[in-house]
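Engineer: Here you go, input_13.pdb (PDB, C-alpha atoms):
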```pdb
MODEL        1
ATOM      1  CA  ASP A   1      -0.419   2.393  17.768  1.00  0.00           C
ATOM      2  CA  VAL A   2       2.423   1.506  15.429  1.00  0.00           C
ATOM      3  CA  LYS A   3       4.383   4.399  14.078  1.00  0.00           C
ATOM      4  CA  VAL A   4       6.271   4.219  10.798  1.00  0.00           C
ATOM      5  CA  THR A   5       8.398   7.296  10.294  1.00  0.00           C
ATOM      6  CA  GLN A   6       9.951   8.369   7.027  1.00  0.00           C
ATOM      7  CA  SER A   7      12.753  10.862   7.497  1.00  0.00           C
ATOM      8  CA  SER A   8      11.758  13.342   4.793  1.00  0.00           C
ATOM      9  CA  ARG A   9       8.392  14.452   3.449  1.00  0.00           C
ATOM     10  CA  TYR A  10       9.867  16.131   0.357  1.00  0.00           C
ATOM     11  CA  LEU A  11      13.241  15.673  -1.345  1.00  0.00           C
ATOM     12  CA  VAL A  12      14.696  17.302  -4.418  1.00  0.00           C
ATOM     13  CA  LYS A  13      17.782  15.703  -5.958  1.00  0.00           C
ATOM     14  CA  ARG A  14      19.788  15.989  -9.140  1.00  0.00           C
ATOM     15  CA  THR A  15      20.238  13.309 -11.760  1.00  0.00           C
ATOM     16  CA  GLY A  16      23.149  11.044 -10.886  1.00  0.00           C
ATOM     17  CA  GLU A  17      23.081  11.741  -7.144  1.00  0.00           C
ATOM     18  CA  LYS A  18      23.054   8.909  -4.633  1.00  0.00           C
ATOM     19  CA  VAL A  19      19.856   9.159  -2.597  1.00  0.00           C
ATOM     20  CA  PHE A  20      19.001   7.617   0.753  1.00  0.00           C
ATOM     21  CA  LEU A  21      15.417   7.282   1.987  1.00  0.00           C
ATOM     22  CA  GLU A  22      15.133   6.278   5.618  1.00  0.00           C
ATOM     23  CA  CYS A  23      12.305   4.497   7.406  1.00  0.00           C
ATOM     24  CA  VAL A  24      11.974   3.608  11.080  1.00  0.00           C
ATOM     25  CA  GLN A  25       9.245   1.619  12.828  1.00  0.00           C
ATOM     26  CA  ASP A  26       8.784   1.514  16.576  1.00  0.00           C
ATOM     27  CA  MET A  27       6.891  -1.751  17.203  1.00  0.00           C
ATOM     28  CA  ASP A  28       9.457  -4.486  16.688  1.00  0.00           C
ATOM     29  CA  HIS A  29       7.908  -5.593  13.380  1.00  0.00           C
ATOM     30  CA  GLU A  30       9.788  -8.263  11.444  1.00  0.00           C
ATOM     31  CA  ASN A  31       8.670  -7.263   7.967  1.00  0.00           C
ATOM     32  CA  MET A  32       9.438  -3.991   6.234  1.00  0.00           C
ATOM     33  CA  PHE A  33       8.592  -2.911   2.705  1.00  0.00           C
ATOM     34  CA  TRP A  34       9.343  -0.129   0.234  1.00  0.00           C
ATOM     35  CA  TYR A  35       6.719   0.818  -2.362  1.00  0.00           C
ATOM     36  CA  ARG A  36       6.571   3.564  -4.929  1.00  0.00           C
ATOM     37  CA  GLN A  37       3.245   5.192  -5.750  1.00  0.00           C
ATOM     38  CA  ASP A  38       2.533   6.692  -9.159  1.00  0.00           C
ATOM     39  CA  PRO A  39      -0.792   8.077 -10.435  1.00  0.00           C
ATOM     40  CA  GLY A  40      -2.869   5.388 -12.102  1.00  0.00           C
ATOM     41  CA  LEU A  41      -0.375   2.653 -11.233  1.00  0.00           C
ATOM     42  CA  GLY A  42      -1.155   2.324  -7.538  1.00  0.00           C
ATOM     43  CA  LEU A  43       1.601   1.004  -5.305  1.00  0.00           C
ATOM     44  CA  ARG A  44       4.366  -1.158  -6.677  1.00  0.00           C
ATOM     45  CA  LEU A  45       6.707  -3.139  -4.450  1.00  0.00           C
ATOM     46  CA  ILE A  46      10.403  -2.320  -4.790  1.00  0.00           C
ATOM     47  CA  TYR A  47      12.051  -4.382  -2.046  1.00  0.00           C
ATOM     48  CA  PHE A  48      11.093  -6.018   1.214  1.00  0.00           C
ATOM     49  CA  SER A  49      12.817  -7.531   4.199  1.00  0.00           C
ATOM     50  CA  TYR A  50      11.825 -10.231   6.676  1.00  0.00           C
ATOM     51  CA  ASP A  51      14.762  -9.847   8.996  1.00  0.00           C
ATOM     52  CA  VAL A  52      17.914  -7.935   9.732  1.00  0.00           C
ATOM     53  CA  LYS A  53      20.427  -8.095   6.872  1.00  0.00           C
ATOM     54  CA  MET A  54      17.872  -9.921   4.770  1.00  0.00           C
ATOM     55  CA  LYS A  55      16.265  -8.501   1.613  1.00  0.00           C
ATOM     56  CA  GLU A  56      14.161  -9.732  -1.267  1.00  0.00           C
ATOM     57  CA  LYS A  57      13.358  -8.102  -4.575  1.00  0.00           C
ATOM     58  CA  GLY A  58       9.865  -6.926  -5.225  1.00  0.00           C
ATOM     59  CA  ASP A  59       8.301  -6.260  -8.600  1.00  0.00           C
ATOM     60  CA  ILE A  60      10.406  -3.249  -9.664  1.00  0.00           C
ATOM     61  CA  PRO A  61      13.861  -3.449  -7.991  1.00  0.00           C
ATOM     62  CA  GLU A  62      15.910  -2.093 -10.897  1.00  0.00           C
ATOM     63  CA  GLY A  63      17.849   1.033  -9.970  1.00  0.00           C
ATOM     64  CA  TYR A  64      17.298   0.528  -6.242  1.00  0.00           C
ATOM     65  CA  SER A  65      18.994  -1.227  -3.352  1.00  0.00           C
ATOM     66  CA  VAL A  66      18.141  -1.531   0.331  1.00  0.00           C
ATOM     67  CA  SER A  67      19.818  -1.915   3.676  1.00  0.00           C
ATOM     68  CA  ARG A  68      18.541  -3.319   6.941  1.00  0.00           C
ATOM     69  CA  GLU A  69      21.268  -3.255   9.563  1.00  0.00           C
ATOM     70  CA  LYS A  70      18.861  -2.923  12.495  1.00  0.00           C
ATOM     71  CA  LYS A  71      15.397  -4.412  12.894  1.00  0.00           C
ATOM     72  CA  GLU A  72      13.659  -1.064  13.213  1.00  0.00           C
ATOM     73  CA  ARG A  73      15.314   0.660  10.244  1.00  0.00           C
ATOM     74  CA  PHE A  74      14.965  -0.016   6.523  1.00  0.00           C
ATOM     75  CA  SER A  75      16.742   2.210   4.020  1.00  0.00           C
ATOM     76  CA  LEU A  76      16.066   2.573   0.318  1.00  0.00           C
ATOM     77  CA  ILE A  77      19.025   3.618  -1.811  1.00  0.00           C
ATOM     78  CA  LEU A  78      18.962   5.074  -5.295  1.00  0.00           C
ATOM     79  CA  GLU A  79      22.507   4.478  -6.480  1.00  0.00           C
ATOM     80  CA  SER A  80      22.331   7.046  -9.302  1.00  0.00           C
ATOM     81  CA  ALA A  81      19.043   8.918  -9.331  1.00  0.00           C
ATOM     82  CA  SER A  82      17.255   9.342 -12.632  1.00  0.00           C
ATOM     83  CA  THR A  83      14.250  11.452 -13.599  1.00  0.00           C
ATOM     84  CA  ASN A  84      12.049   8.353 -13.968  1.00  0.00           C
ATOM     85  CA  GLN A  85      12.523   7.732 -10.258  1.00  0.00           C
ATOM     86  CA  THR A  86      10.560  10.882  -9.433  1.00  0.00           C
ATOM     87  CA  SER A  87       7.729   9.443  -7.362  1.00  0.00           C
ATOM     88  CA  MET A  88       6.095   9.094  -3.955  1.00  0.00           C
ATOM     89  CA  TYR A  89       7.905   6.477  -1.871  1.00  0.00           C
ATOM     90  CA  LEU A  90       6.023   4.674   0.874  1.00  0.00           C
ATOM     91  CA  CYS A  91       7.534   2.555   3.604  1.00  0.00           C
ATOM     92  CA  ALA A  92       5.440  -0.052   5.419  1.00  0.00           C
ATOM     93  CA  SER A  93       5.876  -2.657   8.129  1.00  0.00           C
ATOM     94  CA  SER A  94       4.009  -5.695   9.406  1.00  0.00           C
ATOM     95  CA  LEU A  95       4.390  -7.907  12.415  1.00  0.00           C
ATOM     96  CA  MET A  96       5.343 -11.433  11.464  1.00  0.00           C
ATOM     97  CA  ARG A  97       7.198 -13.262   8.783  1.00  0.00           C
ATOM     98  CA  GLY A  98       4.813 -15.587   6.966  1.00  0.00           C
ATOM     99  CA  GLY A  99       1.862 -13.443   7.926  1.00  0.00           C
ATOM    100  CA  THR A 100       0.199 -13.122   4.556  1.00  0.00           C
ATOM    101  CA  ASN A 101      -2.905 -11.787   6.209  1.00  0.00           C
ATOM    102  CA  GLU A 102      -0.964  -9.212   8.143  1.00  0.00           C
ATOM    103  CA  LYS A 103      -2.045  -5.620   8.249  1.00  0.00           C
ATOM    104  CA  LEU A 104       0.505  -3.231   6.767  1.00  0.00           C
ATOM    105  CA  PHE A 105       1.308  -0.031   8.640  1.00  0.00           C
ATOM    106  CA  PHE A 106       2.409   2.770   6.337  1.00  0.00           C
ATOM    107  CA  GLY A 107       4.501   5.869   6.752  1.00  0.00           C
ATOM    108  CA  SER A 108       3.300   9.204   5.374  1.00  0.00           C
ATOM    109  CA  GLY A 109       5.534   8.962   2.339  1.00  0.00           C
ATOM    110  CA  THR A 110       8.472  10.809   0.786  1.00  0.00           C
ATOM    111  CA  GLN A 111       7.829  12.766  -2.398  1.00  0.00           C
ATOM    112  CA  LEU A 112      11.076  12.591  -4.346  1.00  0.00           C
ATOM    113  CA  SER A 113      11.738  14.852  -7.308  1.00  0.00           C
ATOM    114  CA  VAL A 114      14.785  14.140  -9.473  1.00  0.00           C
ATOM    115  CA  LEU A 115      15.746  17.074 -11.686  1.00  0.00           C
TER     116      LEU A 115
ATOM    117  CA  ALA B   1       0.880 -13.878 -11.040  1.00  0.00           C
ATOM    118  CA  GLN B   2      -1.726 -12.019  -9.082  1.00  0.00           C
ATOM    119  CA  SER B   3      -3.198  -8.745 -10.318  1.00  0.00           C
ATOM    120  CA  VAL B   4      -5.810  -6.209  -9.273  1.00  0.00           C
ATOM    121  CA  THR B   5      -7.930  -3.913 -11.410  1.00  0.00           C
ATOM    122  CA  GLN B   6      -9.865  -0.915 -10.169  1.00  0.00           C
ATOM    123  CA  PRO B   7     -11.855   0.173 -13.242  1.00  0.00           C
ATOM    124  CA  ASP B   8     -12.830   3.618 -11.958  1.00  0.00           C
ATOM    125  CA  ILE B   9     -10.033   6.179 -11.682  1.00  0.00           C
ATOM    126  CA  HIS B  10     -12.278   8.937 -10.317  1.00  0.00           C
ATOM    127  CA  ILE B  11     -15.720   8.890  -8.718  1.00  0.00           C
ATOM    128  CA  THR B  12     -17.738  11.928  -7.639  1.00  0.00           C
ATOM    129  CA  VAL B  13     -20.534  11.406  -5.138  1.00  0.00           C
ATOM    130  CA  SER B  14     -22.806  13.752  -3.216  1.00  0.00           C
ATOM    131  CA  GLU B  15     -22.591  13.841   0.552  1.00  0.00           C
ATOM    132  CA  GLY B  16     -25.167  11.459   2.000  1.00  0.00           C
ATOM    133  CA  ALA B  17     -25.349   9.337  -1.148  1.00  0.00           C
ATOM    134  CA  SER B  18     -24.196   5.745  -1.353  1.00  0.00           C
ATOM    135  CA  LEU B  19     -20.778   4.770  -2.683  1.00  0.00           C
ATOM    136  CA  GLU B  20     -19.544   1.630  -4.387  1.00  0.00           C
ATOM    137  CA  LEU B  21     -15.955   1.128  -5.533  1.00  0.00           C
ATOM    138  CA  ARG B  22     -15.167  -1.755  -7.820  1.00  0.00           C
ATOM    139  CA  CYS B  23     -12.250  -4.148  -7.519  1.00  0.00           C
ATOM    140  CA  ASN B  24     -11.492  -7.193  -9.660  1.00  0.00           C
ATOM    141  CA  TYR B  25      -8.618  -9.524  -8.963  1.00  0.00           C
ATOM    142  CA  SER B  26      -6.820 -12.308 -10.743  1.00  0.00           C
ATOM    143  CA  TYR B  27      -5.381 -15.183  -8.746  1.00  0.00           C
ATOM    144  CA  GLY B  28      -5.603 -18.956  -9.090  1.00  0.00           C
ATOM    145  CA  ALA B  29      -6.413 -19.857  -5.493  1.00  0.00           C
ATOM    146  CA  THR B  30      -8.340 -18.170  -2.717  1.00  0.00           C
ATOM    147  CA  PRO B  31      -6.775 -14.762  -2.228  1.00  0.00           C
ATOM    148  CA  TYR B  32      -6.424 -12.528   0.755  1.00  0.00           C
ATOM    149  CA  LEU B  33      -8.129  -9.235  -0.097  1.00  0.00           C
ATOM    150  CA  PHE B  34      -7.739  -5.793   1.406  1.00  0.00           C
ATOM    151  CA  TRP B  35      -9.050  -2.254   1.030  1.00  0.00           C
ATOM    152  CA  TYR B  36      -6.851   0.647   2.089  1.00  0.00           C
ATOM    153  CA  VAL B  37      -7.652   4.362   2.159  1.00  0.00           C
ATOM    154  CA  GLN B  38      -5.223   7.232   1.679  1.00  0.00           C
ATOM    155  CA  SER B  39      -6.386  10.649   2.832  1.00  0.00           C
ATOM    156  CA  PRO B  40      -4.588  13.687   1.407  1.00  0.00           C
ATOM    157  CA  GLY B  41      -1.031  13.903   2.709  1.00  0.00           C
ATOM    158  CA  GLN B  42      -1.375  10.717   4.724  1.00  0.00           C
ATOM    159  CA  GLY B  43      -0.116   7.180   4.545  1.00  0.00           C
ATOM    160  CA  LEU B  44      -2.444   4.300   3.769  1.00  0.00           C
ATOM    161  CA  GLN B  45      -4.823   2.986   6.420  1.00  0.00           C
ATOM    162  CA  LEU B  46      -6.464  -0.434   6.384  1.00  0.00           C
ATOM    163  CA  LEU B  47     -10.264  -0.285   6.013  1.00  0.00           C
ATOM    164  CA  LEU B  48     -11.013  -4.006   5.986  1.00  0.00           C
ATOM    165  CA  LYS B  49      -9.701  -7.402   4.931  1.00  0.00           C
ATOM    166  CA  TYR B  50     -11.028 -10.772   3.804  1.00  0.00           C
ATOM    167  CA  PHE B  51      -9.316 -14.127   4.377  1.00  0.00           C
ATOM    168  CA  SER B  52     -12.071 -16.720   4.590  1.00  0.00           C
ATOM    169  CA  GLY B  53     -15.540 -17.344   5.969  1.00  0.00           C
ATOM    170  CA  ASP B  54     -18.338 -14.818   5.674  1.00  0.00           C
ATOM    171  CA  THR B  55     -18.088 -13.133   2.300  1.00  0.00           C
ATOM    172  CA  LEU B  56     -19.479  -9.833   3.601  1.00  0.00           C
ATOM    173  CA  VAL B  57     -16.811  -8.049   5.595  1.00  0.00           C
ATOM    174  CA  GLN B  58     -17.339  -5.068   7.853  1.00  0.00           C
ATOM    175  CA  GLY B  59     -14.635  -2.475   8.247  1.00  0.00           C
ATOM    176  CA  ILE B  60     -13.916   0.814   9.913  1.00  0.00           C
ATOM    177  CA  LYS B  61     -15.589   4.153   9.122  1.00  0.00           C
ATOM    178  CA  GLY B  62     -18.855   2.399   8.135  1.00  0.00           C
ATOM    179  CA  PHE B  63     -17.417   0.599   5.089  1.00  0.00           C
ATOM    180  CA  GLU B  64     -18.164  -2.962   4.024  1.00  0.00           C
ATOM    181  CA  ALA B  65     -17.001  -5.159   1.157  1.00  0.00           C
ATOM    182  CA  GLU B  66     -18.344  -8.320  -0.413  1.00  0.00           C
ATOM    183  CA  PHE B  67     -16.191 -11.122  -1.811  1.00  0.00           C
ATOM    184  CA  LYS B  68     -17.736 -12.758  -4.882  1.00  0.00           C
ATOM    185  CA  ARG B  69     -15.631 -15.661  -6.055  1.00  0.00           C
ATOM    186  CA  SER B  70     -17.686 -16.236  -9.216  1.00  0.00           C
ATOM    187  CA  GLN B  71     -17.019 -12.668 -10.345  1.00  0.00           C
ATOM    188  CA  SER B  72     -13.479 -12.386  -8.936  1.00  0.00           C
ATOM    189  CA  SER B  73     -14.597  -9.187  -7.260  1.00  0.00           C
ATOM    190  CA  PHE B  74     -14.261  -7.489  -3.900  1.00  0.00           C
ATOM    191  CA  ASN B  75     -16.301  -4.291  -4.131  1.00  0.00           C
ATOM    192  CA  LEU B  76     -16.296  -1.700  -1.375  1.00  0.00           C
ATOM    193  CA  ARG B  77     -19.507   0.010  -0.271  1.00  0.00           C
ATOM    194  CA  LYS B  78     -20.734   2.685   2.089  1.00  0.00           C
ATOM    195  CA  PRO B  79     -24.451   3.509   2.459  1.00  0.00           C
ATOM    196  CA  SER B  80     -24.008   7.224   3.149  1.00  0.00           C
ATOM    197  CA  VAL B  81     -20.774   9.107   2.484  1.00  0.00           C
ATOM    198  CA  HIS B  82     -19.411  11.940   4.564  1.00  0.00           C
ATOM    199  CA  TRP B  83     -17.206  14.789   3.319  1.00  0.00           C
ATOM    200  CA  SER B  84     -14.314  13.188   5.225  1.00  0.00           C
ATOM    201  CA  ASP B  85     -14.526  10.130   2.942  1.00  0.00           C
ATOM    202  CA  ALA B  86     -12.892  12.121   0.137  1.00  0.00           C
ATOM    203  CA  ALA B  87      -9.664  10.185  -0.410  1.00  0.00           C
ATOM    204  CA  GLU B  88      -7.986   7.654  -2.643  1.00  0.00           C
ATOM    205  CA  TYR B  89      -8.939   4.023  -2.170  1.00  0.00           C
ATOM    206  CA  PHE B  90      -6.774   1.042  -3.004  1.00  0.00           C
ATOM    207  CA  CYS B  91      -7.741  -2.594  -3.348  1.00  0.00           C
ATOM    208  CA  ALA B  92      -4.977  -5.156  -2.783  1.00  0.00           C
ATOM    209  CA  VAL B  93      -4.561  -8.904  -3.078  1.00  0.00           C
ATOM    210  CA  GLY B  94      -2.110 -11.094  -1.221  1.00  0.00           C
ATOM    211  CA  ALA B  95      -1.273 -14.755  -1.273  1.00  0.00           C
ATOM    212  CA  ARG B  96       1.023 -16.984   0.709  1.00  0.00           C
ATOM    213  CA  ALA B  97       2.253 -18.566  -2.492  1.00  0.00           C
ATOM    214  CA  ALA B  98       3.369 -15.138  -3.652  1.00  0.00           C
ATOM    215  CA  GLY B  99       5.712 -14.774  -0.720  1.00  0.00           C
ATOM    216  CA  ASN B 100       3.405 -12.601   1.328  1.00  0.00           C
ATOM    217  CA  LYS B 101       3.638  -9.753  -1.170  1.00  0.00           C
ATOM    218  CA  LEU B 102       0.641  -7.515  -1.626  1.00  0.00           C
ATOM    219  CA  THR B 103      -0.322  -6.412  -5.128  1.00  0.00           C
ATOM    220  CA  PHE B 104      -2.241  -3.150  -5.284  1.00  0.00           C
ATOM    221  CA  GLY B 105      -4.705  -1.825  -7.812  1.00  0.00           C
ATOM    222  CA  GLY B 106      -4.285   1.563  -9.445  1.00  0.00           C
ATOM    223  CA  GLY B 107      -6.568   3.310  -6.978  1.00  0.00           C
ATOM    224  CA  THR B 108      -9.888   5.166  -7.173  1.00  0.00           C
ATOM    225  CA  ARG B 109     -10.022   8.819  -6.161  1.00  0.00           C
ATOM    226  CA  VAL B 110     -13.302   9.791  -4.503  1.00  0.00           C
ATOM    227  CA  LEU B 111     -14.543  13.369  -4.517  1.00  0.00           C
ATOM    228  CA  VAL B 112     -17.475  14.275  -2.254  1.00  0.00           C
ATOM    229  CA  LYS B 113     -19.768  17.136  -3.293  1.00  0.00           C
ATOM    230  CA  PRO B 114     -21.593  19.093  -0.591  1.00  0.00           C
TER     231      PRO B 114
ENDMDL
END
```
Taking this structure as input, can you express it in the form of structure tokens?
Structural biologist:
Amino acid sequence: DVKVTQSSRYLVKRTGEKVFLECVQDMDHENMFWYRQDPGLGLRLIYFSYDVKMKEKGDIPEGYSVSREKKERFSLILESASTNQTSMYLCASSLMRGGTNEKLFFGSGTQLSVL
Amino acid sequence: AQSVTQPDIHITVSEGASLELRCNYSYGATPYLFWYVQSPGQGLQLLLKYFSGDTLVQGIKGFEAEFKRSQSSFNLRKPSVHWSDAAEYFCAVGARAAGNKLTFGGGTRVLVKP
């Protein structure tokens, strides 16, 4: 089965720090996504990518950037962490570009706390 | 823009009882609809999906969902819940016109009493 691996389960950072969240998938999927999950708000899309070096903004991109230098790896970057970015971050992947009906495969999540 | 509403934040059900989780969506054309489940400490897992055709969709773990266009709903059901069904459930809507992005509802947390 597809495996989506997020490098850290828990992270604690200070306000103003630059934070990197890493995600790797092992099934040659074209699409990769970053969501944040907050109680009562469900999952909200931050950024997604259909191909290497390609990125598109999701619904809440402010304060975030992404990098996809290799097909299997998709990084989320918080340029200057703030307390309102304390959240659970979920990475996901799916097989094909244009596959609206594609199943998403999710990682286990990274719980980020910004103090 | 597409949107999803899950009216129930928490539901408590006894083991062996039936379960129904509500989901209402807003989208101008025929949507693609999904239910995902998140067990404690886990990522999300797809339960079932609807694209077209038969409006009653069967999924994994004994779940089913029914698409009702007239009510803009896609409710999830299970006839008899097991303790392992305690989790958070998310409804999501996707559409090709929206650039393949999925929009998720706020989630419903299910607690199962022995």
Engineer: Mind telling me what the ChimeraX specification (/A :<7) & /B catches here, as an NGL selection string?
Structural biologist: :B and (32 or 41-44 or 94-96 or 100 or 104-107)
Engineer: May I have the residues at most 9 Å from (-18.1, 1.3, 0.9) in the file's coordinates, counting only C-alpha atoms, as a list in words?
Structural biologist: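 Those within range, by chain then number, are Ser18, Leu19, Glu20, Leu21, Gly59, Gly62, Phe63, Glu64, Ala65, Asn75, Leu76, Arg77, Lys78, Pro79, Ser80 and Val81 of chain B.
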Engineer: Decode the PyMOL selection byres ((chain A and resi 66-79) around 10) for the given file into explicit residues and return them as a PyMOL selection string.
Structural biologist: chain A and resi 4-6+16-35+46-57+61-65+80-82+85+89+91-93
Engineer: For C-alpha atoms, I'd like the residues from the last selection saved as a compact mmCIF listing (two decimals), in the frame of the given file.
Structural biologist:
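The resulting selection25.txt:
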```txt
# COMPACT_ATOMS: atom_id res chain seq x y z
CA VAL A 4 6.27 4.22 10.80
CA THR A 5 8.40 7.30 10.29
CA GLN A 6 9.95 8.37 7.03
CA GLY A 16 23.15 11.04 -10.89
CA GLU A 17 23.08 11.74 -7.14
CA LYS A 18 23.05 8.91 -4.63
CA VAL A 19 19.86 9.16 -2.60
CA PHE A 20 19.00 7.62 0.75
CA LEU A 21 15.42 7.28 1.99
CA GLU A 22 15.13 6.28 5.62
CA CYS A 23 12.30 4.50 7.41
CA VAL A 24 11.97 3.61 11.08
CA GLN A 25 9.24 1.62 12.83
CA ASP A 26 8.78 1.51 16.58
CA MET A 27 6.89 -1.75 17.20
CA ASP A 28 9.46 -4.49 16.69
CA HIS A 29 7.91 -5.59 13.38
CA GLU A 30 9.79 -8.26 11.44
CA ASN A 31 8.67 -7.26 7.97
CA MET A 32 9.44 -3.99 6.23
CA PHE A 33 8.59 -2.91 2.70
CA TRP A 34 9.34 -0.13 0.23
CA TYR A 35 6.72 0.82 -2.36
CA ILE A 46 10.40 -2.32 -4.79
CA TYR A 47 12.05 -4.38 -2.05
CA PHE A 48 11.09 -6.02 1.21
CA SER A 49 12.82 -7.53 4.20
CA TYR A 50 11.82 -10.23 6.68
CA ASP A 51 14.76 -9.85 9.00
CA VAL A 52 17.91 -7.94 9.73
CA LYS A 53 20.43 -8.10 6.87
CA MET A 54 17.87 -9.92 4.77
CA LYS A 55 16.26 -8.50 1.61
CA GLU A 56 14.16 -9.73 -1.27
CA LYS A 57 13.36 -8.10 -4.58
CA PRO A 61 13.86 -3.45 -7.99
CA GLU A 62 15.91 -2.09 -10.90
CA GLY A 63 17.85 1.03 -9.97
CA TYR A 64 17.30 0.53 -6.24
CA SER A 65 18.99 -1.23 -3.35
CA SER A 80 22.33 7.05 -9.30
CA ALA A 81 19.04 8.92 -9.33
CA SER A 82 17.26 9.34 -12.63
CA GLN A 85 12.52 7.73 -10.26
CA TYR A 89 7.90 6.48 -1.87
CA CYS A 91 7.53 2.56 3.60
CA ALA A 92 5.44 -0.05 5.42
CA SER A 93 5.88 -2.66 8.13
```
Engineer: Write out as a PyMOL selection string each polymer residue whose atoms come within 6 Å of Asn24 (chain B), counting all atoms listed in the file; drop sequence neighbours fewer than 5 positions from it.
Structural biologist: chain B and resi 4-5+72-73
Engineer: Run the PyMOL selection byres ((chain B and resi 2) around 9) mentally over the shown coordinates, then write out the matched residues as an mmCIF file with C-alpha atoms, in the coordinates of the input, using the chain letters and numbers from the document.
Structural biologist:
```cif
data_model
loop_
_atom_site.group_PDB
_atom_site.id
_atom_site.type_symbol
_atom_site.label_atom_id
_atom_site.label_comp_id
_atom_site.auth_asym_id
_atom_site.auth_seq_id
_atom_site.Cartn_x
_atom_site.Cartn_y
_atom_site.Cartn_z
ATOM 1 C CA ALA B 1 0.880 -13.878 -11.040
ATOM 2 C CA SER B 3 -3.198 -8.745 -10.318
ATOM 3 C CA VAL B 4 -5.810 -6.209 -9.273
ATOM 4 C CA TYR B 25 -8.618 -9.524 -8.963
ATOM 5 C CA SER B 26 -6.820 -12.308 -10.743
ATOM 6 C CA TYR B 27 -5.381 -15.183 -8.746
ATOM 7 C CA GLY B 28 -5.603 -18.956 -9.090
ATOM 8 C CA PRO B 31 -6.775 -14.762 -2.228
ATOM 9 C CA VAL B 93 -4.561 -8.904 -3.078
ATOM 10 C CA GLY B 94 -2.110 -11.094 -1.221
ATOM 11 C CA ALA B 95 -1.273 -14.755 -1.273
ATOM 12 C CA ALA B 98 3.369 -15.138 -3.652
ATOM 13 C CA THR B 103 -0.322 -6.412 -5.128
#
```
Engineer: May I ask for the distance between CA of Gln111 (chain A) and CA of Lys61 (chain B), given in Å to one decimal place?
Structural biologist: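 A separation of 27.5 Å between them.
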Engineer: At what distance in Å, to one decimal, does CA of Lys49 (chain B) lie from CA of Cys91 (chain B)?
Structural biologist: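 Going from CA of Cys91 (chain B) over to CA of Lys49 (chain B), I get 9.8 Å.
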Engineer: Between CA of Thr30 (chain B) and CA of Arg109 (chain B), what is the distance in Å, rounded to a tenth?
Structural biologist: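 Between CA of Thr30 (chain B) and CA of Arg109 (chain B) the gap is 27.3 Å.
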Engineer: Can you tell me which residues surround Phe74 (chain B) at a distance of at most 6 Å, considering all atoms listed in the file, apart from same-chain residues fewer than 3 positions away, and format the answer as a list in words?
Structural biologist: Cys23, Glu66 and Phe67 of chain B
Engineer: Please complete region 74-86 of chain B so it has N, CA and C atoms, and hand it over as a PDB file, in the frame of the given file.
Structural biologist:
```pdb
ATOM      1  N   PHE B  74     -14.266  -7.836  -5.333  1.00  0.00           N
ATOM      2  CA  PHE B  74     -14.261  -7.489  -3.900  1.00  0.00           C
ATOM      3  C   PHE B  74     -14.600  -6.006  -3.831  1.00  0.00           C
ATOM      4  N   ASN B  75     -15.872  -5.680  -4.050  1.00  0.00           N
ATOM      5  CA  ASN B  75     -16.301  -4.291  -4.131  1.00  0.00           C
ATOM      6  C   ASN B  75     -16.536  -3.696  -2.749  1.00  0.00           C
ATOM      7  N   LEU B  76     -16.179  -2.439  -2.635  1.00  0.00           N
ATOM      8  CA  LEU B  76     -16.296  -1.700  -1.375  1.00  0.00           C
ATOM      9  C   LEU B  76     -17.542  -0.836  -1.420  1.00  0.00           C
ATOM     10  N   ARG B  77     -18.273  -0.769  -0.291  1.00  0.00           N
ATOM     11  CA  ARG B  77     -19.507   0.010  -0.271  1.00  0.00           C
ATOM     12  C   ARG B  77     -19.617   0.807   1.020  1.00  0.00           C
ATOM     13  N   LYS B  78     -20.345   1.918   0.907  1.00  0.00           N
ATOM     14  CA  LYS B  78     -20.734   2.685   2.089  1.00  0.00           C
ATOM     15  C   LYS B  78     -22.114   3.265   1.814  1.00  0.00           C
ATOM     16  N   PRO B  79     -23.065   3.094   2.721  1.00  0.00           N
ATOM     17  CA  PRO B  79     -24.451   3.509   2.459  1.00  0.00           C
ATOM     18  C   PRO B  79     -24.622   5.026   2.345  1.00  0.00           C
ATOM     19  N   SER B  80     -23.830   5.779   3.125  1.00  0.00           N
ATOM     20  CA  SER B  80     -24.008   7.224   3.149  1.00  0.00           C
ATOM     21  C   SER B  80     -22.647   7.883   3.380  1.00  0.00           C
ATOM     22  N   VAL B  81     -22.131   8.560   2.361  1.00  0.00           N
ATOM     23  CA  VAL B  81     -20.774   9.107   2.484  1.00  0.00           C
ATOM     24  C   VAL B  81     -20.776  10.449   3.197  1.00  0.00           C
ATOM     25  N   HIS B  82     -19.662  10.701   3.849  1.00  0.00           N
ATOM     26  CA  HIS B  82     -19.411  11.940   4.564  1.00  0.00           C
ATOM     27  C   HIS B  82     -18.298  12.681   3.839  1.00  0.00           C
ATOM     28  N   TRP B  83     -18.236  14.014   4.014  1.00  0.00           N
ATOM     29  CA  TRP B  83     -17.206  14.789   3.319  1.00  0.00           C
ATOM     30  C   TRP B  83     -15.803  14.244   3.635  1.00  0.00           C
ATOM     31  N   SER B  84     -15.628  13.694   4.825  1.00  0.00           N
ATOM     32  CA  SER B  84     -14.314  13.188   5.225  1.00  0.00           C
ATOM     33  C   SER B  84     -13.922  11.902   4.493  1.00  0.00           C
ATOM     34  N   ASP B  85     -14.840  11.333   3.722  1.00  0.00           N
ATOM     35  CA  ASP B  85     -14.526  10.130   2.942  1.00  0.00           C
ATOM     36  C   ASP B  85     -13.803  10.458   1.642  1.00  0.00           C
ATOM     37  N   ALA B  86     -13.652  11.729   1.327  1.00  0.00           N
ATOM     38  CA  ALA B  86     -12.892  12.121   0.137  1.00  0.00           C
ATOM     39  C   ALA B  86     -11.442  11.680   0.308  1.00  0.00           C
TER      40      ALA B  86
END
```
